[in-house]
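Trainee: The structure file run14.cif (mmCIF, C-alpha atoms (C1' of nucleotides)) is provided below.
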data_my_file
loop_
_atom_site.label_atom_id
_atom_site.label_comp_id
_atom_site.auth_asym_id
_atom_site.auth_seq_id
_atom_site.Cartn_x
_atom_site.Cartn_y
_atom_site.Cartn_z
CA MET N 974 13.34 213.81 -15.59
CA THR N 975 14.91 213.61 -12.13
CA THR N 976 12.51 212.35 -9.53
CA HIS N 977 14.21 213.47 -6.32
CA GLN N 978 16.70 216.16 -5.49
CA ASN N 979 17.75 216.91 -1.92
CA GLY N 980 14.38 215.80 -0.60
CA THR N 981 12.27 218.28 -2.55
CA LYS N 982 9.60 216.81 -4.75
CA ILE N 983 9.54 217.80 -8.39
CA PHE N 984 5.98 217.83 -9.66
CA GLY N 985 5.64 220.74 -12.09
CA SER N 986 7.41 219.11 -15.00
CA HIS N 987 5.37 215.91 -14.71
CA ILE N 988 2.13 217.83 -14.59
CA ASP N 989 3.25 220.01 -17.48
CA ARG N 990 4.20 217.18 -19.81
CA THR N 991 1.06 215.21 -18.99
CA MET N 992 -1.14 218.24 -19.63
CA LYS N 993 0.61 218.84 -22.93
CA ILE N 994 0.08 215.34 -24.23
CA ILE N 995 -3.57 215.39 -23.15
CA ARG N 996 -4.11 218.62 -25.05
CA GLN N 997 -2.39 217.26 -28.13
CA HIS N 998 -4.54 214.16 -28.23
CA TYR N 999 -7.71 216.14 -27.73
CA MET N 1000 -6.73 218.43 -30.58
CA GLN N 1001 -5.90 215.48 -32.81
CA ALA N 1002 -9.21 213.78 -32.00
CA PHE N 1003 -11.16 216.94 -32.82
CA ARG N 1004 -9.28 217.25 -36.09
CA ASP N 1005 -10.00 213.60 -36.89
CA LEU N 1006 -13.68 214.23 -36.19
CA GLY N 1007 -13.56 217.10 -38.64
CA VAL N 1008 -14.70 219.64 -36.06
CA ASP N 1009 -12.92 222.99 -36.12
CA ILE N 1010 -12.61 223.56 -32.39
CA THR N 1011 -9.72 223.83 -29.93
CA THR N 1012 -9.57 222.21 -26.51
CA GLU N 1013 -10.10 225.53 -24.76
CA GLN N 1014 -13.08 226.32 -26.94
CA TRP N 1015 -14.41 222.87 -26.11
CA VAL N 1016 -14.14 223.61 -22.39
CA ILE N 1017 -16.39 226.63 -22.88
CA VAL N 1018 -18.90 224.78 -25.07
CA ASP N 1019 -19.04 221.94 -22.54
CA SER N 1020 -19.60 224.36 -19.68
CA LEU N 1021 -22.40 226.14 -21.55
CA PHE N 1022 -24.05 222.87 -22.44
CA HIS N 1023 -24.39 222.07 -18.76
CA GLN N 1024 -25.35 225.61 -17.83
CA ASP N 1025 -26.42 227.89 -20.62
CA GLY N 1026 -26.44 231.66 -20.38
CA GLN N 1027 -23.43 232.03 -18.11
CA SER N 1028 -21.62 235.34 -17.97
CA GLN N 1029 -18.01 235.52 -19.07
CA THR N 1030 -16.92 235.92 -15.47
CA GLU N 1031 -18.74 232.74 -14.52
CA LEU N 1032 -17.18 230.93 -17.45
CA ALA N 1033 -13.75 232.22 -16.44
CA ASP N 1034 -14.19 231.09 -12.84
CA GLY N 1035 -15.53 227.70 -13.88
CA SER N 1036 -12.69 226.99 -16.26
CA PHE N 1037 -9.88 228.65 -14.24
CA LYS N 1038 -9.21 231.04 -17.04
CA ASN N 1039 -8.48 234.71 -17.16
CA MET N 1040 -11.33 237.04 -18.10
CA ALA N 1041 -9.30 238.42 -21.00
CA THR N 1042 -8.64 234.92 -22.25
CA VAL N 1043 -12.30 233.95 -21.99
CA SER N 1044 -13.28 237.13 -23.79
CA ARG N 1045 -11.12 236.11 -26.74
CA ILE N 1046 -12.14 232.47 -26.72
CA ILE N 1047 -15.77 233.54 -26.90
CA ASP N 1048 -14.96 235.92 -29.74
CA LEU N 1049 -13.87 232.82 -31.63
CA THR N 1050 -16.72 230.51 -30.61
CA CYS N 1051 -19.12 233.27 -31.68
CA GLN N 1052 -17.31 233.70 -35.00
CA LYS N 1053 -17.56 229.96 -35.54
CA GLY N 1054 -21.26 230.08 -34.76
CA PHE N 1055 -21.10 227.85 -31.67
CA THR N 1056 -22.20 230.59 -29.24
CA GLU N 1057 -24.06 233.89 -29.06
CA ARG N 1058 -23.63 236.85 -26.71
CA PHE N 1059 -26.48 238.96 -25.36
CA ARG N 1060 -26.23 241.77 -22.84
CA SER N 1061 -27.89 240.86 -19.58
CA GLU N 1062 -31.11 242.79 -18.97
CA SER N 1063 -30.60 243.06 -15.23
CA ASP N 1064 -26.93 244.07 -15.43
CA LYS N 1065 -25.89 245.75 -18.62
CA ARG N 1066 -22.19 245.28 -17.92
CA ARG N 1067 -22.58 241.54 -18.36
CA TYR N 1068 -23.06 239.35 -21.30
CA ARG N 1069 -24.96 236.14 -21.15
CA VAL N 1070 -23.43 233.54 -23.45
CA PHE N 1071 -25.63 230.89 -25.05
CA LEU N 1072 -24.95 227.84 -27.16
CA THR N 1073 -26.44 228.01 -30.63
CA LYS N 1074 -28.10 225.05 -32.35
CA LYS N 1075 -24.80 224.45 -34.10
CA GLY N 1076 -22.99 224.64 -30.77
CA LYS N 1077 -25.22 221.93 -29.34
CA GLU N 1078 -24.70 219.75 -32.39
CA VAL N 1079 -20.95 220.13 -31.99
CA TYR N 1080 -21.27 219.14 -28.33
CA HIS N 1081 -23.11 215.93 -29.21
CA LYS N 1082 -20.68 215.16 -31.99
CA ILE N 1083 -17.65 215.57 -29.73
CA LYS N 1084 -18.85 214.20 -26.40
CA PRO N 1085 -18.46 210.47 -27.15
CA THR N 1086 -14.90 211.08 -28.30
CA VAL N 1087 -14.13 212.98 -25.10
CA ASP N 1088 -15.44 210.07 -23.07
CA GLN N 1089 -13.23 207.70 -25.03
CA LEU N 1090 -10.20 209.92 -24.45
CA ARG N 1091 -10.93 209.97 -20.73
CA GLN N 1092 -11.14 206.20 -20.59
CA LYS N 1093 -8.00 205.83 -22.64
CA GLY N 1094 -6.12 208.25 -20.39
CA TRP N 1095 -7.18 206.51 -17.20
CA LYS N 1096 -6.46 202.98 -18.46
CA GLY N 1097 -4.53 200.92 -15.94
CA LEU N 1098 -5.60 203.14 -13.05
CA SER N 1099 -8.17 202.35 -10.38
CA ASP N 1100 -10.91 204.13 -8.47
CA GLU N 1101 -8.55 204.36 -5.51
CA ASP N 1102 -5.98 205.97 -7.74
CA TYR N 1103 -8.61 208.50 -8.72
CA ASP N 1104 -9.21 209.38 -5.08
CA ASP N 1105 -5.46 209.80 -4.61
CA PHE N 1106 -5.21 211.78 -7.80
CA LEU N 1107 -7.92 214.21 -6.75
CA ARG N 1108 -6.52 214.57 -3.25
CA ILE N 1109 -2.98 215.22 -4.48
CA MET N 1110 -4.04 217.68 -7.19
CA ASN N 1111 -6.35 219.52 -4.83
CA THR N 1112 -3.70 219.66 -2.14
CA ILE N 1113 -1.09 221.18 -4.44
CA PHE N 1114 -3.71 223.58 -5.75
CA SER N 1115 -4.76 224.61 -2.24
CA ASN N 1116 -1.18 224.94 -1.01
CA PHE N 1117 -0.73 227.72 -3.53
CA LYS N 1118 -4.26 229.07 -3.53
CA GLU N 1119 -4.43 229.56 0.19
CA ALA N 1120 -1.25 231.58 0.13
CA GLU N 1121 -2.91 234.23 -2.02
CA MET R 391 -15.76 220.68 -11.11
CA THR R 392 -17.63 217.40 -11.42
CA THR R 393 -15.66 214.41 -10.22
CA HIS R 394 -17.53 211.56 -11.88
CA GLN R 395 -19.77 211.25 -14.87
CA ASN R 396 -21.04 207.91 -16.10
CA GLY R 397 -17.96 206.17 -14.74
CA THR R 398 -15.42 208.12 -16.77
CA LYS R 399 -12.73 209.88 -14.79
CA ILE R 400 -12.22 213.58 -15.38
CA PHE R 401 -8.58 214.46 -14.93
CA GLY R 402 -7.72 217.13 -17.50
CA SER R 403 -9.38 220.03 -15.74
CA HIS R 404 -7.71 219.22 -12.43
CA ILE R 405 -4.31 218.95 -14.02
CA ASP R 406 -4.92 222.14 -15.95
CA ARG R 407 -5.94 224.27 -13.01
CA THR R 408 -3.11 222.93 -10.86
CA MET R 409 -0.56 223.63 -13.56
CA LYS R 410 -1.92 227.15 -13.98
CA ILE R 411 -1.63 228.03 -10.32
CA ILE R 412 1.88 226.58 -10.14
CA ARG R 413 2.94 228.73 -13.06
CA GLN R 414 1.37 231.83 -11.56
CA HIS R 415 3.19 231.39 -8.28
CA TYR R 416 6.51 230.75 -9.99
CA MET R 417 6.03 233.91 -12.03
CA GLN R 418 5.13 235.91 -8.96
CA ALA R 419 8.14 234.57 -7.05
CA PHE R 420 10.49 235.50 -9.90
CA ARG R 421 8.98 238.97 -10.02
CA ASP R 422 9.38 239.32 -6.24
CA LEU R 423 13.02 238.30 -6.60
CA GLY R 424 13.44 241.03 -9.16
CA VAL R 425 14.58 238.62 -11.89
CA ASP R 426 13.16 239.19 -15.35
CA ILE R 427 12.56 235.60 -16.35
CA THR R 428 9.50 233.50 -17.16
CA THR R 429 8.84 229.97 -15.95
CA GLU R 430 9.55 228.51 -19.37
CA GLN R 431 12.80 230.44 -19.67
CA TRP R 432 13.67 229.12 -16.21
CA VAL R 433 13.15 225.55 -17.38
CA ILE R 434 15.73 226.10 -20.11
CA VAL R 435 18.23 227.81 -17.81
CA ASP R 436 17.83 225.02 -15.26
CA SER R 437 18.35 222.37 -17.93
CA LEU R 438 21.48 224.08 -19.23
CA PHE R 439 22.86 224.47 -15.73
CA HIS R 440 22.76 220.71 -15.33
CA GLN R 441 23.99 220.05 -18.85
CA ASP R 442 25.54 222.92 -20.70
CA GLY R 443 25.92 223.05 -24.45
CA GLN R 444 22.76 221.16 -25.37
CA SER R 445 21.29 221.57 -28.82
CA GLN R 446 17.83 223.05 -29.19
CA THR R 447 16.45 219.66 -30.09
CA GLU R 448 17.85 218.20 -26.88
CA LEU R 449 16.41 221.08 -24.90
CA ALA R 450 13.06 220.57 -26.60
CA ASP R 451 13.03 216.84 -25.84
CA GLY R 452 14.11 217.39 -22.24
CA SER R 453 11.45 219.97 -21.54
CA PHE R 454 8.65 218.44 -23.66
CA LYS R 455 8.48 221.52 -25.76
CA ASN R 456 8.15 222.07 -29.45
CA MET R 457 11.31 222.93 -31.38
CA ALA R 458 9.74 226.15 -32.63
CA THR R 459 8.83 227.12 -29.09
CA VAL R 460 12.33 226.39 -27.82
CA SER R 461 13.80 228.39 -30.68
CA ARG R 462 11.83 231.44 -29.54
CA ILE R 463 12.47 230.94 -25.84
CA ILE R 464 16.19 230.83 -26.55
CA ASP R 465 15.89 233.98 -28.66
CA LEU R 466 14.67 235.65 -25.48
CA THR R 467 17.17 234.12 -23.04
CA CYS R 468 19.94 235.20 -25.44
CA GLN R 469 18.50 238.72 -25.66
CA LYS R 470 18.43 238.85 -21.90
CA GLY R 471 22.03 237.68 -21.74
CA PHE R 472 21.33 234.40 -19.92
CA THR R 473 22.48 232.17 -22.79
CA GLU R 474 24.63 232.13 -25.93
CA ARG R 475 24.28 230.13 -29.15
CA PHE R 476 27.19 228.72 -31.14
CA ARG R 477 26.98 226.53 -34.21
CA SER R 478 28.19 223.03 -33.54
CA GLU R 479 31.52 222.26 -35.23
CA SER R 480 30.68 218.65 -35.93
CA ASP R 481 27.18 219.33 -37.24
CA LYS R 482 26.62 222.77 -38.64
CA ARG R 483 22.86 222.43 -38.60
CA ARG R 484 22.91 222.47 -34.81
CA TYR R 485 23.45 225.12 -32.27
CA ARG R 486 24.99 224.41 -28.94
CA VAL R 487 23.45 226.60 -26.26
CA PHE R 488 25.49 227.69 -23.25
CA LEU R 489 24.72 229.53 -20.05
CA THR R 490 26.55 232.82 -19.69
CA LYS R 491 28.06 234.04 -16.42
CA LYS R 492 24.89 236.07 -15.93
CA GLY R 493 22.81 233.00 -16.65
CA LYS R 494 24.60 231.07 -13.92
CA GLU R 495 24.16 233.94 -11.48
CA VAL R 496 20.45 233.98 -12.25
CA TYR R 497 20.30 230.23 -11.65
CA HIS R 498 21.88 230.56 -8.19
CA LYS R 499 19.67 233.50 -7.34
CA ILE R 500 16.49 231.63 -8.26
CA LYS R 501 17.21 228.05 -7.20
CA PRO R 502 16.52 228.47 -3.43
CA THR R 503 13.16 230.04 -4.25
CA VAL R 504 12.28 227.17 -6.56
CA ASP R 505 13.08 224.70 -3.77
CA GLN R 506 10.83 226.66 -1.43
CA LEU R 507 8.03 226.61 -3.96
CA ARG R 508 8.39 222.86 -4.37
CA GLN R 509 8.19 222.32 -0.64
CA LYS R 510 5.25 224.65 -0.34
CA GLY R 511 3.41 222.86 -3.13
CA TRP R 512 3.97 219.43 -1.67
CA LYS R 513 3.02 220.41 1.89
CA GLY R 514 0.63 217.92 3.48
CA LEU R 515 1.66 215.16 1.08
CA SER R 516 3.87 212.16 1.79
CA ASP R 517 6.58 210.17 0.07
CA GLU R 518 3.98 207.48 -0.69
CA ASP R 519 1.82 210.15 -2.28
CA TYR R 520 4.79 211.08 -4.43
CA ASP R 521 5.13 207.52 -5.64
CA ASP R 522 1.42 207.47 -6.47
CA PHE R 523 1.66 210.86 -8.09
CA LEU R 524 4.52 209.77 -10.35
CA ARG R 525 2.84 206.50 -11.21
CA ILE R 526 -0.47 208.14 -12.07
CA MET R 527 1.07 210.97 -14.10
CA ASN R 528 3.35 208.57 -15.96
CA THR R 529 0.48 206.20 -16.65
CA ILE R 530 -1.72 208.90 -18.14
CA PHE R 531 1.24 210.16 -20.14
CA SER R 532 2.06 206.70 -21.43
CA ASN R 533 -1.55 205.89 -22.23
CA PHE R 534 -1.49 208.69 -24.75
CA LYS R 535 2.15 208.46 -25.75
CA GLU R 536 2.02 204.80 -26.63
CA ALA R 537 -0.91 205.38 -28.91
CA GLU R 538 1.20 207.60 -31.13
"C1'" DG C 439 30.11 211.13 -55.93
"C1'" DC C 440 24.96 211.86 -56.37
"C1'" DT C 441 20.64 211.87 -55.03
"C1'" DA C 442 16.86 211.00 -51.97
"C1'" DT C 443 15.85 211.32 -47.42
"C1'" DA C 444 16.39 212.70 -42.74
"C1'" DT C 445 17.58 216.14 -39.24
"C1'" DA C 446 18.14 220.96 -36.99
"C1'" DT C 447 16.48 225.20 -36.94
"C1'" DT C 448 13.63 229.31 -38.32
"C1'" DT C 449 9.53 231.79 -39.61
"C1'" DG C 450 4.54 232.61 -40.29
"C1'" DC C 451 0.12 231.72 -38.62
"C1'" DT C 452 -3.30 231.08 -35.07
"C1'" DA C 453 -4.61 230.23 -30.28
"C1'" DT C 454 -4.10 230.39 -25.29
"C1'" DA C 455 -2.48 233.03 -21.13
"C1'" DG C 456 -1.79 236.70 -17.93
"C1'" DC C 457 -1.04 241.61 -16.72
"C1'" DA C 458 -2.38 246.31 -16.96
"C1'" DA C 459 -5.00 250.04 -18.48
"C1'" DG C 460 -9.29 251.63 -20.26
"C1'" DT C 461 -14.65 251.87 -20.68
"C1'" DA C 462 -19.19 251.17 -19.06
"C1'" DT C 463 -22.30 250.09 -15.52
"C1'" DT C 464 -23.65 249.08 -10.84
"C1'" DT C 465 -23.46 249.39 -5.86
"C1'" DG C 466 -22.59 251.32 -1.22
"C1'" DG C 467 -22.06 255.05 1.83
"C1'" DT C 468 -23.58 259.27 3.08
"C1'" DA S 878 -29.37 261.92 -5.15
"C1'" DC S 879 -24.29 261.78 -5.53
"C1'" DC S 880 -19.83 260.18 -5.63
"C1'" DA S 881 -16.32 256.65 -4.73
"C1'" DA S 882 -15.40 252.05 -5.18
"C1'" DA S 883 -16.38 247.70 -7.18
"C1'" DT S 884 -17.58 244.81 -11.14
"C1'" DA S 885 -17.87 243.14 -16.18
"C1'" DC S 886 -15.73 243.28 -20.06
"C1'" DT S 887 -12.29 244.76 -23.83
"C1'" DT S 888 -7.89 245.85 -25.78
"C1'" DG S 889 -2.81 246.13 -26.09
"C1'" DC S 890 1.31 243.92 -24.98
"C1'" DT S 891 4.32 239.99 -24.39
"C1'" DA S 892 5.09 235.04 -23.95
"C1'" DT S 893 4.12 230.17 -24.69
"C1'" DA S 894 2.40 226.47 -27.88
"C1'" DG S 895 1.85 223.73 -31.93
"C1'" DC S 896 1.48 223.08 -37.00
"C1'" DA S 897 3.28 223.66 -41.50
"C1'" DA S 898 6.42 225.30 -44.78
"C1'" DA S 899 11.04 226.82 -45.80
"C1'" DT S 900 16.24 226.58 -45.44
"C1'" DA S 901 20.53 224.49 -44.54
"C1'" DT S 902 23.22 220.64 -43.59
"C1'" DA S 903 24.07 215.64 -43.00
"C1'" DT S 904 23.55 210.80 -44.10
"C1'" DA S 905 22.33 206.50 -46.73
"C1'" DG S 906 21.92 203.91 -50.72
"C1'" DC S 907 23.51 203.21 -54.97
#
Take the structure from the file and write it as structure tokens.
Mentor:
Amino acid sequence: MTTHQNGTKIFGSHIDRTMKIIRQHYMQAFRDLGVDITTEQWVIVDSLFHQDGQSQTELADGSFKNMATVSRIIDLTCQKGFTERFRSESDKRRYRVFLTKKGKEVYHKIKPTVDQLRQKGWKGLSDEDYDDFLRIMNTIFSNFKEAE
Amino acid sequence: MTTHQNGTKIFGSHIDRTMKIIRQHYMQAFRDLGVDITTEQWVIVDSLFHQDGQSQTELADGSFKNMATVSRIIDLTCQKGFTERFRSESDKRRYRVFLTKKGKEVYHKIKPTVDQLRQKGWKGLSDEDYDDFLRIMNTIFSNFKEAE
DNA sequence: GCTATATATTTGCTATAGCAAGTATTTGGT
DNA sequence: ACCAAATACTTGCTATAGCAAATATATAGC
């Protein structure tokens, strides 16, 4: 992986490969735990645990996913019995998505492992690094976002 | 997006959303250029431009992709006439993948735009930030990689 | 030279991802 | 109250992604 090239900074490939290995280790950890859930399904379950009854649009915005993608992920979490969909009373276009009892159990089963993975991933890095990390990631994000 | 939570550092979601927006803007730029190519196909074309005749395994390793994924990406770049596959003489299990004339033209057409995107993405960030960025990304990567 | 093992690639399966088009419902303007 | 535009969601299409099993070829150990 070349680091420099006529002054331009290459960042995409580093971000890509880091994201891939994170995903792989999450998947492996969930498999080891014996929970049939993917990382993207976990993101939704985690989001609902902290705020239950979100609409699919809210879930999409919160997880930076496409509405179509969220629609399909929730198809699967519902099939697996982690979530339930109900039409919103006040706006019949919307669903409200809720965690089931099983969904909450899965959350509690997985959460400690997620914390361990986060600590493992950040090992050797400091609080200052975290500030830098957030600033750099948010800057790149905004540089593209603001151009939209 | 919560930044802290009982001391553990959340990094996956930031990396994920940044990677997504990068990909989207690359895709849009390629569409605007009128070139029918995806970001992942671009990665392969770029790699071959710098070292032609790589095997699929080498391309997979260099781009942190799965061999199956690379196999399918190259199916598409061959269909589109950007690349060609030939069986290696010395090892008939392998292919050697080469850029075609069209593939090289596509590279030259796209490269300036890619440089612009890189500069745009890094705007507001310094050379020191780049060192931090590389160190942090590589540390997270290694923290997981070394556990394998 | 044979056989077990390793390597390179493909194919099938499932999931994520984004775009575009379609449906249903709601909202805003008049 | 009515109609146009906006919003929420789904579905079809194509591409990326990883795992596992299958095929073909190469290599190592004997």
Trainee: I'd like the residues picked by the PyMOL selection byres ((chain R) within 8 of (chain N)) written out as an mmCIF file with C-alpha atoms, keeping the file's coordinate frame, using the chain letters and numbers from the file.
Mentor:
data_model
loop_
_atom_site.group_PDB
_atom_site.id
_atom_site.type_symbol
_atom_site.label_atom_id
_atom_site.label_comp_id
_atom_site.auth_asym_id
_atom_site.auth_seq_id
_atom_site.Cartn_x
_atom_site.Cartn_y
_atom_site.Cartn_z
ATOM 1 C CA MET R 391 -15.760 220.680 -11.110
ATOM 2 C CA THR R 398 -15.420 208.120 -16.770
ATOM 3 C CA LYS R 399 -12.730 209.880 -14.790
ATOM 4 C CA ILE R 400 -12.220 213.580 -15.380
ATOM 5 C CA PHE R 401 -8.580 214.460 -14.930
ATOM 6 C CA GLY R 402 -7.720 217.130 -17.500
ATOM 7 C CA SER R 403 -9.380 220.030 -15.740
ATOM 8 C CA HIS R 404 -7.710 219.220 -12.430
ATOM 9 C CA ILE R 405 -4.310 218.950 -14.020
ATOM 10 C CA ASP R 406 -4.920 222.140 -15.950
ATOM 11 C CA ARG R 407 -5.940 224.270 -13.010
ATOM 12 C CA THR R 408 -3.110 222.930 -10.860
ATOM 13 C CA MET R 409 -0.560 223.630 -13.560
ATOM 14 C CA ILE R 411 -1.630 228.030 -10.320
ATOM 15 C CA ILE R 412 1.880 226.580 -10.140
ATOM 16 C CA HIS R 415 3.190 231.390 -8.280
ATOM 17 C CA GLY R 452 14.110 217.390 -22.240
ATOM 18 C CA SER R 453 11.450 219.970 -21.540
ATOM 19 C CA PHE R 454 8.650 218.440 -23.660
ATOM 20 C CA ASP R 505 13.080 224.700 -3.770
ATOM 21 C CA ARG R 508 8.390 222.860 -4.370
ATOM 22 C CA GLN R 509 8.190 222.320 -0.640
ATOM 23 C CA LYS R 510 5.250 224.650 -0.340
ATOM 24 C CA GLY R 511 3.410 222.860 -3.130
ATOM 25 C CA TRP R 512 3.970 219.430 -1.670
ATOM 26 C CA LYS R 513 3.020 220.410 1.890
ATOM 27 C CA GLY R 514 0.630 217.920 3.480
ATOM 28 C CA LEU R 515 1.660 215.160 1.080
ATOM 29 C CA ASP R 519 1.820 210.150 -2.280
ATOM 30 C CA TYR R 520 4.790 211.080 -4.430
ATOM 31 C CA ASP R 522 1.420 207.470 -6.470
ATOM 32 C CA PHE R 523 1.660 210.860 -8.090
ATOM 33 C CA LEU R 524 4.520 209.770 -10.350
ATOM 34 C CA ILE R 526 -0.470 208.140 -12.070
ATOM 35 C CA MET R 527 1.070 210.970 -14.100
ATOM 36 C CA ASN R 528 3.350 208.570 -15.960
ATOM 37 C CA THR R 529 0.480 206.200 -16.650
ATOM 38 C CA ILE R 530 -1.720 208.900 -18.140
ATOM 39 C CA PHE R 531 1.240 210.160 -20.140
ATOM 40 C CA ASN R 533 -1.550 205.890 -22.230
ATOM 41 C CA PHE R 534 -1.490 208.690 -24.750
ATOM 42 C CA LYS R 535 2.150 208.460 -25.750
#
Trainee: Counting only C-alpha atoms (C1' of nucleotides), which residues of chain S come no farther than 9 Å from chain R, as a PDB file with C-alpha atoms (C1' of nucleotides), keeping the file's coordinate frame?
Mentor:
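For reference, result-v4.pdb as written:
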ATOM      1  C1'  DA S 892       5.090 235.040 -23.950  1.00  0.00           C
ATOM      2  C1'  DT S 893       4.120 230.170 -24.690  1.00  0.00           C
ATOM      3  C1'  DA S 894       2.400 226.470 -27.880  1.00  0.00           C
ATOM      4  C1'  DG S 895       1.850 223.730 -31.930  1.00  0.00           C
ATOM      5  C1'  DA S 901      20.530 224.490 -44.540  1.00  0.00           C
ATOM      6  C1'  DT S 902      23.220 220.640 -43.590  1.00  0.00           C
ATOM      7  C1'  DA S 903      24.070 215.640 -43.000  1.00  0.00           C
TER       8       DA S 903
END
Trainee: Could you list the residues in chain C lying within 8 Å of chain N, using all atoms listed in the file, and format the result as number ranges by chain?
Mentor: C: 454-456, 462-464
Trainee: Can you measure C1' of DT449 in chain C to CA of Ser461 in chain R for me? One decimal in Å is fine.
Mentor: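 Taking C1' of DT449 in chain C and CA of Ser461 in chain R, their separation equals 10.5 Å.
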Trainee: In Å, with one decimal, what is the gap from CA of Glu1057 in chain N to CA of Glu1078 in chain N?
Mentor: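 CA of Glu1078 in chain N lies 14.5 Å from CA of Glu1057 in chain N.
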Trainee: Could you expand the PyMOL selection byres ((chain S and resi 880) around 10) into the explicit residues it covers here, written as a list in words?
Mentor: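 Selected by the PyMOL selection byres ((chain S and resi 880) around 10) here: DG467 and DT468 of chain C; DA878, DC879, DA881 and DA882 of chain S.
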Trainee: Deliver the residues from the most recent selection as a file, using C-alpha atoms (C1' of nucleotides), as a PDB file, in the coordinates of the input.
Mentor:
ATOM      1  C1'  DG C 467     -22.060 255.050   1.830  1.00  0.00           C
ATOM      2  C1'  DT C 468     -23.580 259.270   3.080  1.00  0.00           C
TER       3       DT C 468
ATOM      4  C1'  DA S 878     -29.370 261.920  -5.150  1.00  0.00           C
ATOM      5  C1'  DC S 879     -24.290 261.780  -5.530  1.00  0.00           C
ATOM      6  C1'  DA S 881     -16.320 256.650  -4.730  1.00  0.00           C
ATOM      7  C1'  DA S 882     -15.400 252.050  -5.180  1.00  0.00           C
TER       8       DA S 882
END
Trainee: What is the CA of Ile1010 in chain N to C1' of DA458 in chain C distance in Å?
Mentor: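 If I compute the distance from CA of Ile1010 in chain N to C1' of DA458 in chain C, I get 29.3 Å.
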Trainee: With the file shown as input, list the residues that the PyMOL selection byres ((chain R and resi 425) around 12) selects, as a ChimeraX atom specification.
Mentor: /R:416-424,426-429,431-432,470,472,492-493,495-501,503
Trainee: Those same residues - C-alpha atoms - I'd like them written as an mmCIF file, in the frame of the given file.
Mentor:
data_model
loop_
_atom_site.group_PDB
_atom_site.id
_atom_site.type_symbol
_atom_site.label_atom_id
_atom_site.label_comp_id
_atom_site.auth_asym_id
_atom_site.auth_seq_id
_atom_site.Cartn_x
_atom_site.Cartn_y
_atom_site.Cartn_z
ATOM 1 C CA TYR R 416 6.510 230.750 -9.990
ATOM 2 C CA MET R 417 6.030 233.910 -12.030
ATOM 3 C CA GLN R 418 5.130 235.910 -8.960
ATOM 4 C CA ALA R 419 8.140 234.570 -7.050
ATOM 5 C CA PHE R 420 10.490 235.500 -9.900
ATOM 6 C CA ARG R 421 8.980 238.970 -10.020
ATOM 7 C CA ASP R 422 9.380 239.320 -6.240
ATOM 8 C CA LEU R 423 13.020 238.300 -6.600
ATOM 9 C CA GLY R 424 13.440 241.030 -9.160
ATOM 10 C CA ASP R 426 13.160 239.190 -15.350
ATOM 11 C CA ILE R 427 12.560 235.600 -16.350
ATOM 12 C CA THR R 428 9.500 233.500 -17.160
ATOM 13 C CA THR R 429 8.840 229.970 -15.950
ATOM 14 C CA GLN R 431 12.800 230.440 -19.670
ATOM 15 C CA TRP R 432 13.670 229.120 -16.210
ATOM 16 C CA LYS R 470 18.430 238.850 -21.900
ATOM 17 C CA PHE R 472 21.330 234.400 -19.920
ATOM 18 C CA LYS R 492 24.890 236.070 -15.930
ATOM 19 C CA GLY R 493 22.810 233.000 -16.650
ATOM 20 C CA GLU R 495 24.160 233.940 -11.480
ATOM 21 C CA VAL R 496 20.450 233.980 -12.250
ATOM 22 C CA TYR R 497 20.300 230.230 -11.650
ATOM 23 C CA HIS R 498 21.880 230.560 -8.190
ATOM 24 C CA LYS R 499 19.670 233.500 -7.340
ATOM 25 C CA ILE R 500 16.490 231.630 -8.260
ATOM 26 C CA LYS R 501 17.210 228.050 -7.200
ATOM 27 C CA THR R 503 13.160 230.040 -4.250
#
Trainee: Starting from the block above, write range 519-527 of chain R out to a file with N, CA and C atoms, as a PDB file, in the first residue's frame, please.
Mentor:
ATOM      1  N   ASP R 519      -1.536  15.032  10.489  1.00  0.00           N
ATOM      2  CA  ASP R 519      -2.774  14.264  10.596  1.00  0.00           C
ATOM      3  C   ASP R 519      -2.663  12.966   9.798  1.00  0.00           C
ATOM      4  N   TYR R 520      -1.996  13.057   8.663  1.00  0.00           N
ATOM      5  CA  TYR R 520      -1.860  11.854   7.822  1.00  0.00           C
ATOM      6  C   TYR R 520      -1.020  10.791   8.538  1.00  0.00           C
ATOM      7  N   ASP R 521       0.031  11.238   9.191  1.00  0.00           N
ATOM      8  CA  ASP R 521       0.834  10.292   9.969  1.00  0.00           C
ATOM      9  C   ASP R 521      -0.012   9.640  11.060  1.00  0.00           C
ATOM     10  N   ASP R 522      -0.789  10.470  11.763  1.00  0.00           N
ATOM     11  CA  ASP R 522      -1.669   9.935  12.810  1.00  0.00           C
ATOM     12  C   ASP R 522      -2.694   8.976  12.215  1.00  0.00           C
ATOM     13  N   PHE R 523      -3.269   9.430  11.118  1.00  0.00           N
ATOM     14  CA  PHE R 523      -4.277   8.603  10.439  1.00  0.00           C
ATOM     15  C   PHE R 523      -3.719   7.213  10.106  1.00  0.00           C
ATOM     16  N   LEU R 524      -2.540   7.203   9.479  1.00  0.00           N
ATOM     17  CA  LEU R 524      -1.946   5.915   9.098  1.00  0.00           C
ATOM     18  C   LEU R 524      -1.636   5.068  10.326  1.00  0.00           C
ATOM     19  N   ARG R 525      -1.095   5.722  11.346  1.00  0.00           N
ATOM     20  CA  ARG R 525      -0.735   4.980  12.547  1.00  0.00           C
ATOM     21  C   ARG R 525      -1.983   4.383  13.203  1.00  0.00           C
ATOM     22  N   ILE R 526      -3.024   5.169  13.315  1.00  0.00           N
ATOM     23  CA  ILE R 526      -4.240   4.692  13.977  1.00  0.00           C
ATOM     24  C   ILE R 526      -4.891   3.568  13.166  1.00  0.00           C
ATOM     25  N   MET R 527      -5.028   3.783  11.868  1.00  0.00           N
ATOM     26  CA  MET R 527      -5.645   2.751  11.021  1.00  0.00           C
ATOM     27  C   MET R 527      -4.825   1.458  11.060  1.00  0.00           C
TER      28      MET R 527
END
